[in-house]
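As provided, my_file.txt (compact mmCIF, C-alpha atoms) reads as follows.
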# COMPACT_ATOMS: atom_id res chain seq x y z
CA MET A 1 -58.33 -32.27 -13.95
CA LYS A 2 -58.17 -29.59 -11.28
CA LYS A 3 -54.98 -27.54 -10.99
CA ILE A 4 -53.69 -25.90 -7.85
CA TRP A 5 -50.51 -24.03 -6.98
CA ILE A 6 -48.69 -24.66 -3.70
CA SER A 7 -46.33 -22.29 -1.92
CA PRO A 8 -42.63 -23.25 -2.17
CA THR A 9 -42.40 -22.86 1.62
CA CYS A 10 -44.24 -26.20 1.87
CA PHE A 11 -41.17 -27.92 0.36
CA ASN A 12 -38.51 -26.56 2.71
CA GLU A 13 -37.85 -29.50 5.03
CA CYS A 14 -38.40 -33.20 4.64
CA GLU A 15 -37.89 -36.56 6.29
CA GLU A 16 -37.73 -39.99 4.75
CA GLU A 17 -40.86 -42.17 4.73
CA CYS A 18 -39.47 -45.26 3.03
CA GLY A 19 -36.78 -46.29 0.58
CA TYR A 20 -34.77 -49.02 -1.08
CA ASN A 21 -31.61 -50.47 0.45
CA THR A 22 -28.48 -50.68 -1.70
CA PRO A 23 -26.69 -54.07 -1.60
CA LYS A 24 -24.01 -53.94 1.09
CA ILE A 25 -21.34 -55.17 -1.31
CA GLU A 26 -21.82 -52.08 -3.46
CA VAL A 27 -21.70 -49.73 -0.47
CA LYS A 28 -18.60 -51.47 0.90
CA ARG A 29 -16.69 -51.46 -2.39
CA ALA A 30 -15.24 -47.96 -2.00
CA VAL A 31 -14.11 -48.82 1.53
CA ASN A 32 -12.35 -51.97 0.31
CA ILE A 33 -10.53 -50.00 -2.37
CA TRP A 34 -9.57 -47.36 0.19
CA GLU A 35 -8.16 -50.06 2.49
CA HIS A 36 -5.98 -51.30 -0.36
CA ALA A 37 -4.69 -47.74 -0.82
CA ARG A 38 -3.82 -47.64 2.86
CA ASN A 39 -2.04 -50.99 2.64
CA CYS A 40 0.16 -49.58 -0.12
CA LEU A 41 1.46 -47.00 2.35
CA GLU A 42 2.13 -49.64 5.03
CA ARG A 43 4.47 -51.78 2.95
CA ASP A 44 7.95 -52.54 4.21
CA ASN A 45 10.73 -50.56 2.53
CA LEU A 46 8.19 -48.13 1.09
CA THR A 47 9.13 -46.71 -2.31
CA GLU A 48 7.81 -43.92 -4.51
CA PHE A 49 6.01 -46.57 -6.55
CA ASP A 50 4.08 -47.63 -3.47
CA ARG A 51 3.04 -44.02 -2.90
CA SER A 52 2.02 -43.74 -6.55
CA ASP A 53 -0.02 -46.92 -6.23
CA SER A 54 -1.76 -45.52 -3.16
CA ILE A 55 -2.77 -42.33 -5.01
CA SER A 56 -4.14 -44.36 -7.93
CA TRP A 57 -6.20 -46.56 -5.62
CA LEU A 58 -7.51 -43.52 -3.75
CA LYS A 59 -8.75 -42.02 -6.97
CA ARG A 60 -10.33 -45.34 -7.85
CA ALA A 61 -12.13 -45.39 -4.48
CA LEU A 62 -13.35 -41.86 -5.09
CA ASN A 63 -14.57 -42.71 -8.59
CA GLN A 64 -16.36 -45.84 -7.40
CA ARG A 65 -18.33 -43.90 -4.78
CA LEU A 66 -19.16 -41.10 -7.25
CA LYS A 67 -20.37 -43.66 -9.79
CA LEU A 68 -22.52 -45.36 -7.15
CA ILE A 69 -24.12 -42.04 -6.21
CA GLU A 70 -24.99 -41.40 -9.84
CA ASP A 71 -26.22 -44.97 -10.39
CA ILE A 72 -28.59 -44.64 -7.43
CA TYR A 73 -29.84 -41.09 -7.92
CA SER A 74 -29.36 -40.25 -11.64
CA LEU A 75 -28.52 -36.72 -10.58
CA LYS A 76 -27.40 -35.71 -14.04
CA ASN A 77 -31.06 -35.92 -15.07
CA VAL A 78 -31.92 -32.89 -12.93
CA ALA A 79 -28.93 -30.72 -13.85
CA LEU A 80 -29.93 -27.19 -14.81
CA SER A 81 -28.70 -25.33 -17.88
CA ASP A 82 -26.29 -23.33 -15.73
CA SER A 83 -25.15 -26.25 -13.55
CA PRO A 84 -21.37 -26.84 -13.47
CA LYS A 85 -20.09 -29.34 -16.02
CA GLY A 86 -17.64 -30.96 -13.64
CA TYR A 87 -19.37 -33.67 -11.62
CA LEU A 88 -17.75 -32.78 -8.31
CA GLU A 89 -18.65 -29.12 -8.76
CA TYR A 90 -22.17 -30.15 -9.69
CA LEU A 91 -22.52 -32.32 -6.56
CA ALA A 92 -21.39 -29.30 -4.55
CA THR A 93 -24.46 -27.37 -5.76
CA LEU A 94 -26.56 -30.21 -4.30
CA ASN A 95 -24.63 -30.00 -1.00
CA VAL A 96 -23.26 -33.53 -1.42
CA VAL A 97 -19.52 -32.74 -1.46
CA ARG A 98 -17.00 -29.97 -1.01
CA PRO A 99 -14.92 -30.42 -4.16
CA PHE A 100 -11.66 -28.51 -3.71
CA MET A 101 -9.52 -31.12 -1.95
CA LEU A 102 -11.00 -33.98 -3.96
CA LYS A 103 -10.02 -32.15 -7.15
CA THR A 104 -6.53 -31.87 -5.71
CA LEU A 105 -6.36 -35.65 -5.43
CA MET A 106 -7.43 -35.99 -9.07
CA ALA A 107 -4.82 -33.48 -10.20
CA VAL A 108 -2.06 -35.29 -8.28
CA ARG A 109 -3.08 -38.66 -9.73
CA ASN A 110 -3.32 -37.31 -13.28
CA ASP A 111 0.12 -35.74 -12.98
CA ILE A 112 1.57 -39.08 -11.92
CA GLU A 113 -0.33 -41.03 -14.59
CA HIS A 114 0.19 -38.76 -17.57
CA ASN A 115 3.41 -36.88 -16.80
CA ASP A 116 5.34 -39.50 -14.83
CA ALA A 117 5.53 -37.00 -11.98
CA ALA A 118 6.90 -38.00 -8.60
CA PRO A 119 4.20 -38.90 -6.05
CA PRO A 120 3.64 -36.71 -2.98
CA ASP A 121 5.71 -37.31 0.13
CA MET A 122 4.41 -39.61 2.84
CA GLU A 123 2.78 -36.87 4.89
CA ARG A 124 0.82 -35.61 1.88
CA CYS A 125 -0.23 -39.16 0.95
CA LEU A 126 -1.60 -39.67 4.45
CA GLU A 127 -3.53 -36.40 4.19
CA LEU A 128 -5.12 -37.57 0.94
CA LEU A 129 -5.83 -40.95 2.49
CA ASP A 130 -7.74 -39.25 5.32
CA LEU A 131 -9.52 -36.96 2.89
CA VAL A 132 -10.95 -39.84 0.86
CA TRP A 133 -11.88 -41.71 4.03
CA TYR A 134 -13.95 -38.72 5.21
CA PHE A 135 -15.59 -38.39 1.80
CA ILE A 136 -16.59 -42.06 1.77
CA ARG A 137 -17.92 -41.95 5.32
CA SER A 138 -19.79 -38.69 4.72
CA THR A 139 -21.64 -40.25 1.78
CA ASP A 140 -22.28 -43.68 3.35
CA GLU A 141 -25.82 -42.84 4.46
CA LEU A 142 -26.56 -41.29 1.08
CA VAL A 143 -25.79 -44.52 -0.77
CA LYS A 144 -27.11 -47.03 1.77
CA THR A 145 -30.75 -46.14 1.14
CA GLN A 146 -32.45 -44.51 -1.83
CA PRO A 147 -35.58 -42.71 -0.59
CA SER A 148 -38.68 -43.64 -2.56
CA SER A 149 -40.96 -41.26 -0.70
CA VAL A 150 -40.44 -38.36 1.69
CA VAL A 151 -42.67 -36.07 3.72
CA PHE A 152 -42.30 -32.30 3.64
CA CYS A 153 -43.51 -30.50 6.75
CA GLY A 154 -41.87 -27.15 6.06
CA SER A 155 -45.08 -25.15 6.27
CA TYR A 156 -45.67 -26.09 9.90
CA HIS A 157 -43.67 -25.20 12.98
CA GLY A 158 -44.72 -26.57 16.34
CA ASP A 159 -44.12 -29.21 18.98
CA SER A 160 -47.05 -31.48 18.11
CA GLU A 161 -47.59 -33.80 15.16
CA PRO A 162 -47.82 -31.53 12.09
CA PRO A 163 -51.36 -31.19 10.71
CA TYR A 164 -49.96 -30.03 7.37
CA TRP A 165 -47.65 -32.17 5.28
CA ILE A 166 -46.94 -33.21 1.71
CA SER A 167 -45.93 -36.75 0.81
CA VAL A 168 -43.74 -36.92 -2.29
CA ALA A 169 -43.09 -40.15 -4.23
CA ILE A 170 -39.93 -39.94 -6.32
CA LYS A 171 -38.50 -42.01 -9.15
CA PHE A 172 -34.95 -40.80 -9.60
CA ASP A 173 -34.68 -42.30 -13.08
CA GLU A 174 -37.82 -40.34 -14.04
CA PRO A 175 -37.42 -37.20 -11.90
CA TYR A 176 -40.25 -35.27 -13.51
CA LEU A 177 -42.86 -37.89 -12.61
CA ILE A 178 -43.56 -36.89 -9.01
CA ASP A 179 -46.71 -38.02 -7.22
CA VAL A 180 -47.80 -35.85 -4.30
CA SER A 181 -50.53 -35.89 -1.68
CA GLY A 182 -51.23 -34.22 1.61
CA TRP A 183 -52.72 -31.35 3.55
CA VAL A 184 -51.95 -27.67 2.99
CA GLU A 185 -53.36 -24.78 4.94
CA ALA A 186 -55.55 -22.28 3.16
CA THR A 187 -52.88 -19.59 2.83
CA LYS A 188 -50.41 -22.03 1.23
CA TYR A 189 -52.35 -22.95 -1.91
CA SER A 190 -54.08 -21.12 -4.72
CA ASN A 191 -56.56 -22.09 -7.42
CA GLU A 192 -54.85 -19.60 -9.73
CA TYR A 193 -51.30 -19.40 -11.07
CA LYS A 194 -48.75 -17.77 -8.78
CA ASP A 195 -45.20 -17.10 -9.91
CA GLY A 196 -42.72 -19.43 -8.23
CA TRP A 197 -45.38 -21.69 -6.72
CA PHE A 198 -45.52 -25.42 -7.49
CA GLU A 199 -48.22 -26.56 -9.92
CA VAL A 200 -50.14 -29.76 -9.15
CA SER A 201 -52.59 -31.55 -11.44
CA CYS A 202 -54.99 -33.05 -8.93
CA VAL A 203 -57.02 -36.24 -9.20
CA ASP A 204 -58.47 -35.41 -5.80
CA ALA A 205 -58.76 -32.00 -4.11
CA GLU A 206 -61.30 -30.89 -1.50
CA ILE A 207 -61.29 -28.51 1.39
CA LYS A 208 -61.85 -29.99 4.82
CA GLY A 209 -65.21 -28.28 5.26
CA GLN A 210 -66.58 -29.99 2.15
CA ARG A 211 -65.13 -33.46 2.61
CA TRP A 212 -65.43 -33.76 6.40
CA PRO A 213 -68.18 -31.32 7.39
CA ASP A 214 -69.00 -33.08 10.66
CA GLY A 215 -65.98 -31.50 12.34
CA GLU A 216 -64.94 -34.72 14.07
CA ASN A 217 -62.47 -35.90 11.44
CA HIS A 218 -59.28 -33.85 11.05
CA SER A 219 -60.30 -31.53 13.85
CA ASP A 220 -56.76 -30.10 13.88
CA LYS A 221 -57.47 -28.36 10.55
CA ARG A 222 -59.60 -25.44 9.48
CA ASP A 223 -62.54 -25.74 7.08
CA GLU A 224 -60.61 -23.92 4.32
CA ASP A 225 -57.54 -26.20 4.50
CA LEU A 226 -57.07 -28.47 1.50
CA TRP A 227 -56.58 -32.20 1.04
CA PHE A 228 -55.11 -33.02 -2.37
CA ARG A 229 -53.61 -35.85 -4.40
CA GLY A 230 -52.06 -35.63 -7.86
CA GLU A 231 -48.95 -35.11 -9.95
CA LEU A 232 -46.45 -32.34 -9.44
CA LYS A 233 -45.84 -30.39 -12.65
CA ALA A 234 -42.57 -28.94 -11.48
CA LEU A 235 -40.21 -26.69 -13.40
CA PRO A 236 -36.58 -27.86 -13.75
CA GLU A 237 -35.37 -25.58 -10.96
CA GLN A 238 -38.19 -26.81 -8.71
CA VAL A 239 -37.30 -30.46 -9.36
CA PHE A 240 -33.67 -29.60 -8.60
CA GLU A 241 -34.72 -28.07 -5.25
CA ILE A 242 -36.79 -31.11 -4.34
CA ILE A 243 -34.04 -33.59 -5.22
CA ALA A 244 -31.49 -31.51 -3.28
CA ALA A 245 -33.77 -31.58 -0.23
CA VAL A 246 -34.40 -35.32 -0.54
CA ILE A 247 -30.76 -36.38 -0.81
CA ASN A 248 -29.88 -34.20 2.16
CA VAL A 249 -32.51 -35.67 4.48
Using the file provided, produce a representation of the structure as structure tokens.
Amino acid sequence: MKKIWISPTCFNECEEECGYNTPKIEVKRAVNIWEHARNCLERDNLTEFDRSDSISWLKRALNQRLKLIEDIYSLKNVALSDSPKGYLEYLATLNVVRPFMLKTLMAVRNDIEHNDAAPPDMERCLELLDLVWYFIRSTDELVKTQPSSVVFCGSYHGDSEPPYWISVAIKFDEPYLIDVSGWVEATKYSNEYKDGWFEVSCVDAEIKGQRWPDGENHSDKRDEDLWFRGELKALPEQVFEIIAAVINV
């Protein structure tokens, strides 16, 4: 089986080709929990227990959305040896969340739950309510659809349809089984190992001049440009980069 190495610049930018929709009831669950937290703060004759209830429900909404993200993407499977142990901090390295204020909510809730601490005042509760609302809304698109394949066009910059692209098929529960195919220009691939480049075991690989010598097909490409199809043999840090790009489409 022929091996080639592709420049990492080919995996810089991507757009979704197709994906799987998450059931609406699962996407909506965090919103429903959040609405209950808001209702706790709208009760007549509001007490500290109502504020405590609201904080608990906010944390539950946060946890539900975090669990759904992990259920869909299995992101723990691509964690690196030096990745943060805390899940929020880990998601921050994938550009999914900014963890500081969300950790504040967890600390407030834990203080109430384990130390019988007084809940925050109303103004602070409303701030936390807004914070969780923004987190849920900012991750809505992430959980609505799980991409099953994406196209990277990072090696080409122009106004027309890109002649060079790499289609990547991803199984998030098996992140190291990545099927790839596409066109790369001659300067972006090598038949010999190059440090930092992505290795591909090809079942099909031919330059344009060999496969389409008539010049009529794929006329937007040079004779030395390569068509390939195979399996990406990515290193852990390369898989991490690909997954980070895919979930931030």
Inset, instruction - Find the residues around Asp116 of chain A up to 12 Å (all atoms listed in the file counted), leave out those fewer than 5 positions away in its own chain, and share them as a list in words. - result: Glu48, Phe49, Ser52, Val108, Arg109, Asn110 and Asp111 of chain A
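Nearest to Glu141 of chain A of all the residues A:Lys208, A:Cys10, A:Gly86, A:Arg65 is A:Arg65, based on only C-alpha atoms.
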Inset, instruction - Using all atoms listed in the file, pick whichever of A:Val27, A:Val168, A:Met101, A:Ile207 has the shortest atom-to-atom distance to Ser148 of chain A. - result: A:Val168
Legend entry - For Gly182 of chain A, the nearest of the candidates A:Val203, A:Leu226, A:Val143, A:Trp57, counting all atoms listed in the file: A:Leu226
Legend entry - Between atom CA of Leu235 of chain A and atom CA of Gly196 of chain A - distance in Å to one decimal: 9.3 Å
Legend entry - Top pick for closest residue to Glu42 of chain A, considering A:Leu102, A:Ile170, A:Leu75, A:Leu126 and counting all atoms listed in the file: A:Leu126
Inset, instruction - May I have the residues at most 8 Å from (-38.2, -44.0, 2.2) in the file's coordinates, counting only C-alpha atoms, as number ranges by chain? - result: A: 16-20, 145-150
Taking C-alpha atoms for each residue, export the selection above as a CSV table (one decimal), keeping the file's coordinate frame.
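Now in result-v6.csv:
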chain,number,residue,atom,x,y,z
A,16,GLU,CA,-37.7,-40.0,4.8
A,17,GLU,CA,-40.9,-42.2,4.7
A,18,CYS,CA,-39.5,-45.3,3.0
A,19,GLY,CA,-36.8,-46.3,0.6
A,20,TYR,CA,-34.8,-49.0,-1.1
A,145,THR,CA,-30.8,-46.1,1.1
A,146,GLN,CA,-32.4,-44.5,-1.8
A,147,PRO,CA,-35.6,-42.7,-0.6
A,148,SER,CA,-38.7,-43.6,-2.6
A,149,SER,CA,-41.0,-41.3,-0.7
A,150,VAL,CA,-40.4,-38.4,1.7
Legend entry - Shell of 12 Å around Phe172 of chain A, only C-alpha atoms, local chain residues under 5 positions omitted, as a PyMOL selection string: chain A and resi 19-20+69-78+146-149+177-178+239-240+242-244+246-247
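With atom CA of Leu58 of chain A on one side and atom CA of Ile33 of chain A on the other, the separation reads 7.3 Å.
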